[in-house]
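Worksheet for the structure shown next.
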Amino acid sequence: MGYENILYEKRDGIGFITFNRPKVLNALNRKTVEELRDALVDARDDDAVRVLIFTGAGEKSFVAGADIGELAQHDAVSGKEYTHRGQSVLNLIENLGKPVIACINGFALGGGCEIAMACTMRLASETAKLGQPEVKLGIIPGYGGTQRLPRLVGKGVAMQLVLTGEMITAQEAHRIGLVNEVVAPAELIPRAEAIAAKIIANAPLAVQYTMEAVNKGMEMTLAEGLYLEAVLFGAACATEDKKEGTTAFLEKRAAQFKGK
């Protein structure tokens, strides 16, 4: 698959997407975002891909934010269109129906932090730095930063980060709940692969329904969320995988799930 600004490969049930503009710290430009969308659609529609792993090329950066040269050209009309376009791609990440693991191997600033927050979970290298520095450029986060960050870390902490624009360490990001784990740089991808392998061993539809219950339920009242959970539980009970999973458990053997 011939992309200019990302690398996309598949192996062992995992799709690996690497942001590949190391000379500009993997900064996001329009072409990168469109290539990302294309790869995400491919992964979504490929039953052989069960989990996605994101990372950045080189040792310095995951994604160091937007391409400032492009950003500087926007006016009110094009700026709104720019944010809608980016938000739609990040919404695709969040609602892909398959887990996406962000491996934050360096700077995750602005749009880079926002991409990571749209992922299902976030692992960070010990050397990673995260932040939403948009106010330093006279703008605000536009790819969901003002919405996903407070949902992850709480309103007060999110306000501090988006209003100061300060960068935080991987360790601080872990303390506030922005990242799941902090690992040594060499262990970042292997740790993500180990988590992915555990997910891949489970029933594909059960994984999909579980993610839907959590993602949609977060926006509902408790009563509405519980109703959604019951509906999805019922849907899971109607799958071949549920029959296989329960039968395998009773027969004391490993289940062979088919995603049906």
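Chain labels follow the order of the structure tokens: the first chain is A, the next B, and so on; residue numbering restarts at 1 in every chain, and ligands are counted from 1 in their shown order.
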
- Item | Residues near segment 139-145 of chain A, cut-off 7 Å, only C-alpha atoms, skip fewer than 5 positions along chain, as a list in words |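 Residues near the query, excluding close chain neighbours: Thr83, Gly86, Gln87, Gly110, Gly111, Glu114, Gln132 and Glu134 of chain A.
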
- Who sits within 8 Å of Thr127 of chain A, only C-alpha atoms, same chain under 6 positions skipped, as JSON, numbers by chain: {"A": [105, 106, 169, 170, 185]}

Would you output that residue set with C-alpha atoms, as an mmCIF file, in the first residue's frame?
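Final file, again32.cif:
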data_model
loop_
_atom_site.group_PDB
_atom_site.id
_atom_site.type_symbol
_atom_site.label_atom_id
_atom_site.label_comp_id
_atom_site.auth_asym_id
_atom_site.auth_seq_id
_atom_site.Cartn_x
_atom_site.Cartn_y
_atom_site.Cartn_z
ATOM 1 C CA ASN A 105 7.201 7.052 21.570
ATOM 2 C CA GLY A 106 8.011 10.762 21.924
ATOM 3 C CA THR A 169 5.971 13.891 31.129
ATOM 4 C CA ALA A 170 4.821 10.349 30.493
ATOM 5 C CA PRO A 185 11.294 2.686 24.911
#

Near segment 210-218 of chain A, 9 Å: segment 37-113 of chain A residue rows, closest pairs, only C-alpha atoms, as CSV:
residue,atom,partner,partner_atom,distance
A:Glu94,CA,A:Asn215,CA,8.0
A:Asn95,CA,A:Glu212,CA,7.6
A:Gly97,CA,A:Met211,CA,7.0
A:Lys98,CA,A:Met211,CA,8.0
A:Pro99,CA,A:Met211,CA,7.9

- Write down as a list in words the residues of segment 142-214 of chain A whose backbone DSSP state falls under strand (DSSP E or B).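 Put together, the selection reads Ile168, Thr169, Glu181, Val182 and Val183 of chain A.
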
Write a file of the selected residues as a PDB file, in the first residue's frame, keeping N, CA and C atoms.
ATOM      1  N   ILE A 168       3.608  17.787  29.543  1.00  0.00           N
ATOM      2  CA  ILE A 168       3.808  16.964  30.731  1.00  0.00           C
ATOM      3  C   ILE A 168       4.567  15.705  30.358  1.00  0.00           C
ATOM      4  N   THR A 169       5.210  15.115  31.351  1.00  0.00           N
ATOM      5  CA  THR A 169       5.971  13.891  31.129  1.00  0.00           C
ATOM      6  C   THR A 169       5.034  12.692  31.033  1.00  0.00           C
ATOM      7  N   GLU A 181      -0.149   2.994  30.685  1.00  0.00           N
ATOM      8  CA  GLU A 181       1.106   2.447  31.200  1.00  0.00           C
ATOM      9  C   GLU A 181       2.270   3.264  30.660  1.00  0.00           C
ATOM     10  N   VAL A 182       3.372   3.270  31.410  1.00  0.00           N
ATOM     11  CA  VAL A 182       4.631   3.845  30.956  1.00  0.00           C
ATOM     12  C   VAL A 182       5.669   2.727  30.952  1.00  0.00           C
ATOM     13  N   VAL A 183       6.345   2.570  29.817  1.00  0.00           N
ATOM     14  CA  VAL A 183       7.307   1.477  29.681  1.00  0.00           C
ATOM     15  C   VAL A 183       8.603   2.002  29.075  1.00  0.00           C
TER      16      VAL A 183
END

Restrict the calculation to only C-alpha atoms, then for each residue of segment 161-227 of chain A with any atom at most 12 Å from an atom of segment 16-37 of chain A give the closest atom pair and their distance in Å to one decimal, rows by chain and rising residue number, as a tab-separated table.
residue	atom	partner	partner_atom	distance
A:Ile189	CA	A:Phe16	CA	10.0
A:Ala192	CA	A:Phe16	CA	10.7
A:Glu193	CA	A:Phe16	CA	10.1
A:Ala196	CA	A:Phe16	CA	11.3

- Nearest to Ala235 of chain A by atom-to-atom distance, counting only C-alpha atoms, from A:Ser78, A:Leu250, A:Ala206, A:Glu219: A:Ala206

- Message: Can you tell me, as JSON, numbers by chain, which residues in segment 145-260 of chain A count as alpha helix (DSSP H) by DSSP?
- Response: {"A": [145, 146, 147, 148, 149, 150, 151, 152, 153, 155, 156, 157, 158, 159, 160, 161, 162, 163, 164, 170, 171, 172, 173, 174, 175, 188, 189, 190, 191, 192, 193, 194, 195, 196, 197, 198, 199, 200, 204, 205, 206, 207, 208, 209, 210, 211, 212, 213, 214, 215, 216, 217, 222, 223, 224, 225, 226, 227, 228, 229, 230, 231, 232, 233, 234, 235, 236, 237, 240, 241, 242, 243, 244, 245, 246, 247, 248, 249, 250]}

- Please indicate the distance in Å from atom CA of Asn202 of chain A to atom CA of Asn180 of chain A, rounded to one decimal place.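 So the answer is 20.5 Å.
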
- A:Met159, A:Val63, A:Ala39, A:Leu96 ranked by distance to Ile115 of chain A, top pick (using only C-alpha atoms): A:Val63

- Task: State, in Å with one decimal place, the distance from atom CA of Gly154 of chain A to atom CA of Ile176 of chain A.
- Result: 8.8 Å
